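Trainee: Contents of data-v5.cif (mmCIF, C-alpha atoms (C1' of nucleotides)) are below:
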```cif
data_upload
loop_
_atom_site.label_atom_id
_atom_site.label_comp_id
_atom_site.auth_asym_id
_atom_site.auth_seq_id
_atom_site.Cartn_x
_atom_site.Cartn_y
_atom_site.Cartn_z
CA MET A 1 -15.02 -15.80 34.18
CA THR A 2 -14.97 -19.59 34.18
CA ASP A 3 -15.66 -19.07 30.53
CA ILE A 4 -15.20 -22.22 28.54
CA PHE A 5 -13.31 -20.13 26.00
CA PHE A 6 -10.39 -19.81 28.41
CA ASP A 7 -10.56 -23.29 29.90
CA VAL A 8 -7.34 -24.75 28.59
CA GLU A 9 -8.05 -28.26 29.83
CA LYS A 10 -11.14 -28.46 27.62
CA HIS A 11 -9.04 -28.04 24.48
CA SER A 12 -7.34 -30.66 22.36
CA ASP A 13 -3.76 -29.96 21.36
CA HIS A 14 -4.90 -28.83 17.97
CA GLN A 15 -7.48 -26.50 19.45
CA LYS A 16 -4.90 -25.02 21.81
CA PHE A 17 -2.66 -24.40 18.86
CA LEU A 18 -5.35 -22.73 16.80
CA LYS A 19 -6.53 -20.53 19.62
CA GLY A 20 -3.02 -19.53 20.61
CA MET A 21 -2.00 -18.75 17.09
CA GLU A 22 -5.06 -16.75 16.14
CA LEU A 23 -5.17 -14.79 19.38
CA LEU A 24 -1.50 -13.98 18.95
CA TYR A 25 -2.05 -12.88 15.37
CA PHE A 26 -5.00 -10.59 16.08
CA ALA A 27 -3.62 -9.18 19.32
CA TYR A 28 -0.27 -8.40 17.76
CA ARG A 29 -1.94 -6.85 14.75
CA ASP A 30 -4.12 -4.58 16.85
CA PHE A 31 -1.31 -3.72 19.22
CA ILE A 32 1.12 -2.50 16.58
CA SER A 33 -1.44 -1.08 14.18
CA TRP A 34 -1.64 2.37 15.67
CA PRO A 35 1.67 4.24 15.98
CA ASP A 36 1.42 5.30 12.38
CA ASP A 37 -0.45 8.54 13.00
CA VAL A 38 2.29 10.23 14.93
CA LEU A 39 5.13 8.83 12.88
CA GLN A 40 3.57 9.03 9.46
CA THR A 41 3.30 12.77 9.75
CA LEU A 42 7.08 12.86 10.03
CA GLY A 43 7.59 10.42 7.18
CA PHE A 44 8.58 7.60 9.50
CA GLY A 45 7.28 4.04 9.66
CA ARG A 46 7.46 1.01 11.89
CA ALA A 47 11.11 0.45 11.12
CA HIS A 48 11.97 3.89 12.45
CA HIS A 49 9.91 3.26 15.53
CA ARG A 50 11.75 0.05 16.31
CA VAL A 51 15.09 1.81 16.02
CA LEU A 52 13.95 4.63 18.28
CA HIS A 53 12.68 2.11 20.78
CA PHE A 54 15.81 0.01 21.02
CA VAL A 55 18.17 2.96 21.06
CA GLY A 56 16.01 4.56 23.74
CA ARG A 57 16.12 1.38 25.79
CA ASN A 58 19.87 0.90 25.32
CA PRO A 59 21.69 4.20 25.30
CA GLY A 60 25.12 3.78 23.77
CA LEU A 61 24.01 0.75 21.75
CA LYS A 62 26.47 -0.26 19.06
CA VAL A 63 25.28 -0.61 15.48
CA ALA A 64 26.11 -4.32 15.42
CA GLU A 65 24.04 -4.88 18.55
CA LEU A 66 21.12 -3.00 17.09
CA LEU A 67 21.29 -5.13 13.97
CA LYS A 68 21.10 -8.26 16.08
CA LEU A 69 18.08 -6.99 17.98
CA LEU A 70 16.31 -6.08 14.77
CA ASN A 71 17.40 -9.17 12.88
CA ILE A 72 17.93 -7.25 9.66
CA THR A 73 20.91 -6.45 7.45
CA LYS A 74 22.98 -3.34 7.82
CA GLN A 75 21.84 -2.20 4.40
CA SER A 76 18.24 -2.24 5.56
CA LEU A 77 19.09 -0.43 8.72
CA SER A 78 21.12 2.16 6.86
CA ARG A 79 18.24 4.03 5.26
CA VAL A 80 16.24 4.14 8.43
CA LEU A 81 19.08 5.07 10.73
CA SER A 82 20.45 7.70 8.36
CA THR A 83 17.20 9.60 8.20
CA LEU A 84 16.78 9.47 11.95
CA VAL A 85 20.27 10.89 12.36
CA GLU A 86 19.73 13.51 9.65
CA LYS A 87 16.51 14.68 11.20
CA GLY A 88 18.15 14.96 14.58
CA HIS A 89 16.48 12.18 16.52
CA ILE A 90 19.53 10.01 16.99
CA ARG A 91 23.12 10.91 17.74
CA GLN A 92 26.12 8.72 16.88
CA ASP A 93 29.14 9.03 19.14
CA ILE A 94 32.48 7.50 18.33
CA GLY A 95 33.39 4.66 20.68
CA ALA A 96 35.76 5.58 23.48
CA GLN A 97 37.77 2.36 23.58
CA ASP A 98 37.18 1.40 19.96
CA ARG A 99 36.93 4.33 17.62
CA ARG A 100 35.42 2.22 14.83
CA GLN A 101 32.22 1.81 16.77
CA ARG A 102 29.32 4.21 16.59
CA LEU A 103 27.42 4.43 19.88
CA LEU A 104 23.81 5.38 19.41
CA TYR A 105 21.84 7.74 21.62
CA LEU A 106 18.48 9.47 21.38
CA THR A 107 18.70 13.22 21.20
CA ASP A 108 16.26 15.25 23.27
CA GLN A 109 14.15 15.56 20.16
CA GLY A 110 14.26 11.80 19.72
CA LYS A 111 13.20 11.23 23.30
CA ILE A 112 10.22 13.49 22.84
CA LEU A 113 9.18 11.69 19.68
CA LEU A 114 9.55 8.25 21.22
CA ASN A 115 7.54 9.29 24.26
CA LYS A 116 4.76 10.63 22.12
CA VAL A 117 4.63 7.43 20.13
CA ALA A 118 4.92 5.12 23.13
CA GLU A 119 2.14 6.82 25.01
CA HIS A 120 -0.70 5.18 23.10
CA GLN A 121 0.88 1.76 23.16
CA LYS A 122 1.55 2.03 26.85
CA ASP A 123 -2.07 2.90 27.56
CA HIS A 124 -3.20 0.07 25.34
CA MET A 125 -1.04 -2.53 27.04
CA LEU A 126 -1.62 -1.40 30.60
CA LYS A 127 -5.35 -1.36 30.01
CA ALA A 128 -5.15 -4.93 28.77
CA PHE A 129 -3.03 -5.94 31.74
CA ASN A 130 -5.49 -4.40 34.16
CA ASN A 131 -8.43 -6.09 32.49
CA ALA A 132 -6.73 -9.46 32.50
CA GLY A 133 -5.32 -9.29 36.01
CA THR A 134 -1.92 -9.82 37.57
CA GLN A 135 -2.08 -13.58 37.47
CA SER A 136 -2.78 -13.55 33.75
CA VAL A 137 0.02 -11.13 33.03
CA GLU A 138 2.46 -13.46 34.68
CA GLY A 139 1.22 -16.31 32.51
CA PHE A 140 1.43 -14.07 29.46
CA TRP A 141 5.08 -13.36 30.16
CA HIS A 142 5.84 -17.01 30.81
CA VAL A 143 4.36 -18.19 27.55
CA LEU A 144 5.97 -15.43 25.53
CA SER A 145 9.36 -16.29 27.01
CA ALA A 146 8.81 -19.91 26.08
CA LEU A 147 7.90 -18.89 22.54
CA ILE A 148 11.26 -17.22 21.96
CA ALA A 149 13.59 -19.45 19.99
CA ASP A 150 15.85 -21.52 22.24
CA GLU A 151 19.03 -20.12 20.71
CA ASN A 152 17.91 -16.56 21.41
CA ARG A 153 16.17 -16.84 24.74
CA ASP A 154 19.04 -16.15 27.14
CA ASP A 155 20.32 -13.16 25.23
CA ILE A 156 16.89 -11.69 24.76
CA LEU A 157 15.72 -12.16 28.33
CA SER A 158 18.81 -10.48 29.69
CA GLN A 159 18.36 -7.72 27.14
CA ILE A 160 14.79 -7.24 28.32
CA ASN A 161 15.95 -7.28 31.90
CA ARG A 162 18.37 -4.43 31.38
CA ASP A 163 17.86 -1.34 33.46
CA MET A 164 14.23 -0.52 32.91
CA GLY A 165 14.42 3.06 34.11
CA GLU A 166 11.90 4.79 36.34
CA MET B 1 10.31 -20.29 39.41
CA THR B 2 9.50 -17.43 41.77
CA ASP B 3 11.84 -15.63 39.47
CA ILE B 4 11.80 -11.90 39.98
CA PHE B 5 11.65 -11.58 36.22
CA PHE B 6 8.06 -12.82 36.23
CA ASP B 7 6.92 -11.14 39.43
CA VAL B 8 4.44 -8.66 38.05
CA GLU B 9 3.89 -6.90 41.35
CA LYS B 10 7.55 -5.90 41.49
CA HIS B 11 7.22 -3.87 38.29
CA SER B 12 6.26 -0.25 37.81
CA ASP B 13 3.70 0.47 35.14
CA HIS B 14 6.42 1.53 32.78
CA GLN B 15 8.40 -1.62 33.43
CA LYS B 16 5.34 -3.77 32.83
CA PHE B 17 4.81 -2.00 29.56
CA LEU B 18 8.41 -2.43 28.41
CA LYS B 19 8.55 -6.09 29.37
CA GLY B 20 5.21 -6.87 27.77
CA MET B 21 6.05 -5.07 24.59
CA GLU B 22 9.50 -6.52 24.12
CA LEU B 23 8.47 -10.06 24.99
CA LEU B 24 5.61 -9.77 22.55
CA TYR B 25 7.90 -8.46 19.85
CA PHE B 26 10.56 -11.16 20.19
CA ALA B 27 8.13 -14.02 20.73
CA TYR B 28 6.04 -13.04 17.73
CA ARG B 29 9.15 -12.61 15.62
CA ASP B 30 10.49 -16.03 16.50
CA PHE B 31 7.11 -17.67 16.18
CA ILE B 32 6.40 -16.53 12.64
CA SER B 33 9.96 -16.53 11.39
CA TRP B 34 10.05 -20.10 10.19
CA PRO B 35 7.32 -21.16 7.75
CA ASP B 36 9.32 -19.80 4.87
CA ASP B 37 11.23 -23.00 4.11
CA VAL B 38 8.24 -25.02 3.04
CA LEU B 39 6.44 -22.18 1.32
CA GLN B 40 9.38 -20.49 -0.31
CA THR B 41 10.11 -23.60 -2.32
CA LEU B 42 6.71 -23.17 -3.91
CA GLY B 43 7.11 -19.45 -4.44
CA PHE B 44 4.73 -18.56 -1.64
CA GLY B 45 5.21 -16.15 1.26
CA ARG B 46 3.54 -15.23 4.51
CA ALA B 47 0.61 -13.68 2.72
CA HIS B 48 -0.17 -17.00 1.05
CA HIS B 49 0.13 -18.78 4.37
CA ARG B 50 -2.37 -16.48 6.02
CA VAL B 51 -4.87 -17.04 3.24
CA LEU B 52 -4.43 -20.80 3.43
CA HIS B 53 -4.88 -20.67 7.17
CA PHE B 54 -8.07 -18.64 7.22
CA VAL B 55 -9.66 -20.50 4.34
CA GLY B 56 -8.74 -23.77 6.02
CA ARG B 57 -10.30 -22.60 9.25
CA ASN B 58 -13.43 -21.27 7.58
CA PRO B 59 -14.48 -23.45 4.68
CA GLY B 60 -16.86 -21.54 2.43
CA LEU B 61 -15.46 -18.20 3.52
CA LYS B 62 -16.54 -15.29 1.32
CA VAL B 63 -13.91 -13.03 -0.20
CA ALA B 64 -15.21 -10.03 1.70
CA GLU B 65 -14.95 -11.92 4.98
CA LEU B 66 -11.41 -12.97 4.20
CA LEU B 67 -10.48 -9.37 3.48
CA LYS B 68 -11.81 -8.34 6.85
CA LEU B 69 -9.83 -11.03 8.63
CA LEU B 70 -6.66 -10.05 6.83
CA ASN B 71 -7.26 -6.32 7.08
CA ILE B 72 -5.96 -5.70 3.58
CA THR B 73 -7.39 -4.39 0.31
CA LYS B 74 -8.85 -6.61 -2.35
CA GLN B 75 -6.08 -5.56 -4.72
CA SER B 76 -3.51 -6.89 -2.31
CA LEU B 77 -5.41 -10.09 -1.83
CA SER B 78 -5.91 -10.53 -5.54
CA ARG B 79 -2.38 -11.58 -6.49
CA VAL B 80 -2.05 -13.95 -3.59
CA LEU B 81 -5.43 -15.55 -3.98
CA SER B 82 -5.12 -15.84 -7.76
CA THR B 83 -1.89 -17.77 -7.59
CA LEU B 84 -3.26 -20.07 -4.90
CA VAL B 85 -6.25 -20.78 -7.12
CA GLU B 86 -4.12 -21.22 -10.24
CA LYS B 87 -1.81 -23.64 -8.52
CA GLY B 88 -4.73 -25.66 -7.28
CA HIS B 89 -4.61 -25.02 -3.56
CA ILE B 90 -7.86 -23.12 -3.27
CA ARG B 91 -11.21 -23.62 -4.98
CA GLN B 92 -13.79 -20.87 -5.52
CA ASP B 93 -17.41 -21.96 -5.62
CA ILE B 94 -20.19 -19.68 -6.70
CA GLY B 95 -22.52 -18.78 -3.85
CA ALA B 96 -25.74 -20.77 -3.71
CA GLN B 97 -28.07 -17.99 -2.53
CA ASP B 98 -26.03 -15.13 -4.00
CA ARG B 99 -24.26 -15.99 -7.21
CA ARG B 100 -21.99 -12.93 -6.98
CA GLN B 101 -20.17 -14.40 -4.05
CA ARG B 102 -17.16 -16.67 -4.33
CA LEU B 103 -16.98 -19.20 -1.52
CA LEU B 104 -13.46 -20.31 -0.77
CA TYR B 105 -12.35 -23.84 0.06
CA LEU B 106 -9.03 -25.61 0.35
CA THR B 107 -8.51 -28.33 -2.21
CA ASP B 108 -6.97 -31.60 -1.04
CA GLN B 109 -3.66 -30.29 -2.28
CA GLY B 110 -4.19 -27.10 -0.29
CA LYS B 111 -4.95 -29.07 2.85
CA ILE B 112 -1.75 -31.05 2.48
CA LEU B 113 0.28 -27.88 2.05
CA LEU B 114 -1.32 -26.14 5.01
CA ASN B 115 -0.73 -29.17 7.21
CA LYS B 116 2.88 -29.36 6.25
CA VAL B 117 3.38 -25.69 7.03
CA ALA B 118 1.39 -25.74 10.26
CA GLU B 119 3.27 -28.70 11.65
CA HIS B 120 6.34 -26.74 12.74
CA GLN B 121 4.35 -23.90 14.22
CA LYS B 122 2.14 -26.31 16.08
CA ASP B 123 5.15 -28.05 17.63
CA HIS B 124 6.65 -24.71 18.51
CA MET B 125 3.54 -23.44 20.24
CA LEU B 126 2.63 -26.63 22.05
CA LYS B 127 6.15 -26.95 23.34
CA ALA B 128 5.93 -23.41 24.70
CA PHE B 129 2.55 -24.17 26.27
CA ASN B 130 3.89 -27.27 27.95
CA ASN B 131 6.91 -25.45 29.29
CA ALA B 132 4.83 -22.61 30.63
CA GLY B 133 2.04 -24.71 32.10
CA THR B 134 -1.75 -24.69 31.88
CA GLN B 135 -2.21 -21.81 34.26
CA SER B 136 0.09 -19.61 32.21
CA VAL B 137 -1.62 -20.51 28.96
CA GLU B 138 -4.92 -19.35 30.37
CA GLY B 139 -3.32 -16.05 31.34
CA PHE B 140 -1.75 -15.80 27.91
CA TRP B 141 -5.13 -16.14 26.26
CA HIS B 142 -6.72 -13.63 28.62
CA VAL B 143 -4.14 -10.96 27.97
CA LEU B 144 -4.16 -11.49 24.22
CA SER B 145 -7.94 -11.17 24.18
CA ALA B 146 -7.65 -7.94 26.11
CA LEU B 147 -5.09 -6.65 23.64
CA ILE B 148 -7.46 -6.97 20.70
CA ALA B 149 -8.99 -3.62 19.81
CA ASP B 150 -12.34 -3.07 21.51
CA GLU B 151 -14.19 -2.61 18.22
CA ASN B 152 -12.93 -5.94 16.94
CA ARG B 153 -12.95 -8.13 20.00
CA ASP B 154 -16.41 -9.64 19.79
CA ASP B 155 -16.15 -10.46 16.12
CA ILE B 156 -12.70 -11.91 16.45
CA LEU B 157 -13.38 -14.00 19.53
CA SER B 158 -16.41 -15.58 17.94
CA GLN B 159 -14.38 -16.14 14.79
CA ILE B 160 -11.72 -17.89 16.85
CA ASN B 161 -14.37 -19.89 18.63
CA ARG B 162 -15.77 -21.29 15.42
CA ASP B 163 -15.73 -25.04 15.04
CA MET B 164 -12.17 -25.95 15.84
CA GLY B 165 -12.30 -29.39 14.29
CA GLU B 166 -10.79 -32.53 15.75
"C1'" DA C 1 -38.08 -2.83 -16.49
"C1'" DA C 2 -34.65 0.41 -15.35
"C1'" DA C 3 -31.54 2.17 -11.96
"C1'" DA C 4 -28.73 1.62 -8.01
"C1'" DA C 5 -26.13 -1.07 -5.00
"C1'" DT C 6 -23.14 -4.97 -4.08
"C1'" DA C 7 -19.43 -8.65 -4.64
"C1'" DT C 8 -15.71 -9.52 -7.02
"C1'" DG C 9 -11.79 -8.83 -10.14
"C1'" DT C 10 -8.14 -6.32 -12.60
"C1'" DC C 11 -4.82 -2.76 -14.55
"C1'" DA C 12 -1.36 0.49 -13.34
"C1'" DG C 13 1.51 3.01 -10.45
"C1'" DT C 14 3.61 3.73 -5.89
"C1'" DC C 15 5.69 2.95 -1.27
"C1'" DA C 16 8.01 0.73 2.79
"C1'" DT C 17 10.87 -2.62 4.12
"C1'" DG C 18 13.34 -6.31 3.52
"C1'" DT C 19 17.11 -9.01 0.63
"C1'" DT C 20 22.12 -9.95 -2.02
"C1'" DG C 21 26.43 -8.73 -3.69
"C1'" DA C 22 30.24 -5.78 -4.17
"C1'" DC C 23 33.14 -2.53 -2.45
"C1'" DA C 24 35.13 1.51 0.53
"C1'" DT C 25 37.05 3.51 4.83
"C1'" DA C 26 38.76 3.77 9.29
"C1'" DT C 27 40.59 1.43 13.02
"C1'" DT C 28 42.28 -2.32 15.77
"C1'" DT C 29 44.68 -6.71 16.32
"C1'" DA C 30 47.95 -10.23 15.08
"C1'" DT D 1 52.88 -4.52 7.78
"C1'" DA D 2 48.97 -7.56 7.05
"C1'" DA D 3 44.64 -9.20 8.44
"C1'" DA D 4 40.44 -8.70 10.78
"C1'" DT D 5 36.66 -5.84 12.33
"C1'" DA D 6 32.92 -2.10 12.52
"C1'" DT D 7 30.62 0.63 9.79
"C1'" DG D 8 28.73 2.66 5.55
"C1'" DT D 9 27.13 2.88 0.74
"C1'" DC D 10 25.81 1.81 -4.21
"C1'" DA D 11 22.83 -0.91 -7.08
"C1'" DA D 12 19.42 -4.23 -8.19
"C1'" DC D 13 15.63 -6.79 -6.72
"C1'" DA D 14 11.45 -9.14 -3.99
"C1'" DT D 15 7.41 -8.94 -1.20
"C1'" DG D 16 3.45 -7.22 0.38
"C1'" DA D 17 1.11 -3.44 1.26
"C1'" DC D 18 -1.35 0.96 -0.78
"C1'" DT D 19 -4.44 4.21 -4.02
"C1'" DG D 20 -7.28 5.17 -7.99
"C1'" DA D 21 -9.89 3.89 -11.84
"C1'" DC D 22 -12.66 0.90 -14.09
"C1'" DA D 23 -15.19 -3.69 -15.55
"C1'" DT D 24 -18.57 -7.49 -14.88
"C1'" DA D 25 -22.07 -10.08 -12.98
"C1'" DT D 26 -25.75 -10.21 -9.96
"C1'" DT D 27 -29.11 -8.66 -6.65
"C1'" DT D 28 -31.98 -5.10 -4.71
"C1'" DT D 29 -34.58 -0.93 -5.01
"C1'" DT D 30 -37.39 2.15 -7.20
#
```
As structure tokens, how would this structure be written, given the file I've shared?
Mentor:
Amino acid sequence: MTDIFFDVEKHSDHQKFLKGMELLYFAYRDFISWPDDVLQTLGFGRAHHRVLHFVGRNPGLKVAELLKLLNITKQSLSRVLSTLVEKGHIRQDIGAQDRRQRLLYLTDQGKILLNKVAEHQKDHMLKAFNNAGTQSVEGFWHVLSALIADENRDDILSQINRDMGE
Amino acid sequence: MTDIFFDVEKHSDHQKFLKGMELLYFAYRDFISWPDDVLQTLGFGRAHHRVLHFVGRNPGLKVAELLKLLNITKQSLSRVLSTLVEKGHIRQDIGAQDRRQRLLYLTDQGKILLNKVAEHQKDHMLKAFNNAGTQSVEGFWHVLSALIADENRDDILSQINRDMGE
DNA sequence: AAAAATATGTCAGTCATGTTGACATATTTA
DNA sequence: TAAATATGTCAACATGACTGACATATTTTT
């Protein structure tokens, strides 16, 4: 376990950078590479998955807020969101105070789909967390938080900290 | 610093999963969102950057090996690699033992470009590492390694561990 | 020596996801 | 009433992936 591979002190700055970047690249790639199976059958892709995820995490999310989380234009979102609404996975309610707003919710069908998709990823991540150990997970979270752009960090961390259910 | 946000033990499995996934998503997004400026001016995109990176890291890399690292088809690689060769950033030498192979190297011009592009990312990551601290970086690496798909882990870790220069 | 396998490249068509720009509609605010 | 805001939509385009089919040079097998 005192593997030299993980001994940060034995790395130059450049080596730390390379190792961090490549590990991040490969880990991210392998982590998001799977959901396709479930979604592809329904004609959905990653974009749909992201929308399902954020709406599931933030019931009543406004379209403008979703756009900010996704960092895309409304035109890009449009296609994806429309099909999810058409196929009955997402419901749009008219805002109570402001009737211009559309508040987004998962339908029961949408919840089922999201659960099915999340299951694999959840297993994947929890297995990794267990293998790495609690201490490492804490470090993982710390570094990831530090990697978020300064202008975004506060917003994003409080978004992540929203009611996590269960 | 004993922030409840980072206290892993205080999280249910589902909460660990959500926090890990969302942090990974936002951190990755912000980390790779920048190189565009430098590359876009030259008509290059992320795909070109990845090729420059891996060829830079593995001088003499064979095309087949590059394809495996990138996880894409040769047709996809073709356009990207061709333009990099045309514009003088990458050189293809014929294999010494096996003349069918093309061994890839950065030209001096390619090295300059890659350095320029890597500079920002390197600052970004090292700043995050310094803010998070050595202990956290080690945990970061551990978790990322664990997140790599089992079938790929050995190959990838030894790839990452290749001569890291400097 | 001929046949099969391998490493690479290329043409052509398609798809998913992002972009801009222009405009439309409903609703709220000034 | 006029202006601002939240959302949606049409059209054109870019990037980076994909599949399928085929070509060429070279090495390996028979």
Trainee: Taking into account all atoms listed in the file, which residue in the set C:DC23, C:DA12, C:DT17, C:DT29 is nearest to chain A?
Mentor: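 Ranked by minimum distance to chain A, first place goes to C:DT17.
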Trainee: Which residues of chain C come within 10 Å of chain B, and for each one, what is the closest pair of atoms and their distance in Å to one decimal, counting only C-alpha atoms (C1' of nucleotides), sorted by chain and residue number, as a tab-separated table?
Mentor:
```
residue	atom	partner	partner_atom	distance
C:DT6	C1'	B:Arg100	CA	8.5
C:DA7	C1'	B:Arg100	CA	5.5
C:DT8	C1'	B:Arg100	CA	7.1
C:DG9	C1'	B:Ser78	CA	7.7
C:DT10	C1'	B:Gln75	CA	8.2
```
Trainee: Could you save the residues just selected, with C-alpha atoms (C1' of nucleotides), as a short mmCIF file (atom, residue, chain, number, x, y, z; two decimals), in the frame of the given file?
Mentor:
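Contents of the output file again.cif:
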```
data_model
loop_
_atom_site.label_atom_id
_atom_site.label_comp_id
_atom_site.auth_asym_id
_atom_site.auth_seq_id
_atom_site.Cartn_x
_atom_site.Cartn_y
_atom_site.Cartn_z
"C1'" DT C 6 -23.14 -4.97 -4.08
"C1'" DA C 7 -19.43 -8.65 -4.64
"C1'" DT C 8 -15.71 -9.52 -7.02
"C1'" DG C 9 -11.79 -8.83 -10.14
"C1'" DT C 10 -8.14 -6.32 -12.60
#
```
Trainee: Give me the residues within 10 Å of range 86-97 of chain A as a compact mmCIF listing (two decimals) with C-alpha atoms, in the coordinates of the input, counting all atoms listed in the file and dropping any in the same chain fewer than 2 places off.
Mentor:
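What ended up in selection18.txt:
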```txt
# COMPACT_ATOMS: atom_id res chain seq x y z
CA LEU A 42 7.08 12.86 10.03
CA VAL A 51 15.09 1.81 16.02
CA LEU A 52 13.95 4.63 18.28
CA VAL A 55 18.17 2.96 21.06
CA GLY A 56 16.01 4.56 23.74
CA GLY A 60 25.12 3.78 23.77
CA LEU A 61 24.01 0.75 21.75
CA LYS A 62 26.47 -0.26 19.06
CA VAL A 63 25.28 -0.61 15.48
CA LEU A 81 19.08 5.07 10.73
CA SER A 82 20.45 7.70 8.36
CA THR A 83 17.20 9.60 8.20
CA LEU A 84 16.78 9.47 11.95
CA ARG A 99 36.93 4.33 17.62
CA ARG A 100 35.42 2.22 14.83
CA GLN A 101 32.22 1.81 16.77
CA ARG A 102 29.32 4.21 16.59
CA LEU A 103 27.42 4.43 19.88
CA LEU A 104 23.81 5.38 19.41
CA TYR A 105 21.84 7.74 21.62
CA LEU A 106 18.48 9.47 21.38
CA THR A 107 18.70 13.22 21.20
CA ASP A 108 16.26 15.25 23.27
CA GLN A 109 14.15 15.56 20.16
CA GLY A 110 14.26 11.80 19.72
CA LYS A 111 13.20 11.23 23.30
CA ILE A 112 10.22 13.49 22.84
CA LEU A 113 9.18 11.69 19.68
CA LEU A 114 9.55 8.25 21.22
```
Trainee: Can you list what the PyMOL selection byres ((chain A) within 6 of (chain B)) grabs from this structure, as a list in words?
Mentor: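 Selected by the PyMOL selection byres ((chain A) within 6 of (chain B)) here: Phe6, Gln15, Phe17, Leu23, Ala27, Asp30, Lys122, Ala128, Ala132, Ser136, Glu138, Gly139, Phe140, His142, Val143, Leu144, Ala146, Leu147, Ile148, Ala149 and Met164 of chain A.
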Trainee: Rounded to one decimal, what separation in Å do you get between CA of Trp34 in chain B and CA of Arg162 in chain B?
Mentor: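 Pair CA of Trp34 in chain B / CA of Arg162 in chain B returns 26.4 Å.
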Trainee: Care to translate the PyMOL selection byres ((chain D and resi 16) around 12) into actual residues of this file, as a list in words?
Mentor: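 After applying the PyMOL selection byres ((chain D and resi 16) around 12), what remains is Phe44, Gly45, Arg46, Ala47, His48, Ile72, Thr73, Gln75, Ser76, Leu77, Ser78, Arg79 and Val80 of chain B; DC15, DA16, DT17 and DG18 of chain C; DA14, DT15, DA17 and DC18 of chain D.
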Trainee: When distances are computed from only C-alpha atoms (C1' of nucleotides), which of D:DT1, D:DT7, D:DT26, D:DT19 shows the smallest separation from chain B?
Mentor: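 That would be D:DT26, the residue with the smallest distance to chain B.
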Trainee: Mind pulling up the distance from CA of Gln40 in chain B to CA of Glu119 in chain B?
Mentor: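 Separation between CA of Glu119 in chain B and CA of Gln40 in chain B: 15.7 Å.
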Trainee: D:DA6, D:DA11, D:DA21, D:DT29: which is nearest chain A, counting only C-alpha atoms (C1' of nucleotides)?
Mentor: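 Residue with the minimum atom-to-atom distance to chain A: D:DA6.
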Trainee: List the residues matched by the PyMOL selection byres ((chain C and resi 25) around 10) in the displayed structure as a list in words, ordered by chain and then by residue number.
Mentor: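 Checked against the file, the PyMOL selection byres ((chain C and resi 25) around 10) matches DA24, DA26 and DT27 of chain C; DT7 and DG8 of chain D.
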Trainee: Please determine, counting only C-alpha atoms (C1' of nucleotides), which residue among B:Ile4, B:Asp37, B:Glu151, B:Gly43 has the shortest atom-to-atom distance to chain D.
Mentor: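 Checking each of B:Ile4, B:Asp37, B:Glu151, B:Gly43 against chain D, counting only C-alpha atoms (C1' of nucleotides), the winner is B:Gly43.
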Trainee: Between C1' of DA3 in chain D and C1' of DA30 in chain C, measure the distance and give it in Å to one decimal.
Mentor: 7.5 Å
Trainee: For each of D:DT24, D:DT5, D:DC13, D:DT30, take the minimum atom-to-atom distance to chain A, counting all atoms listed in the file, then give the residue where this is smallest.
Mentor: D:DT5
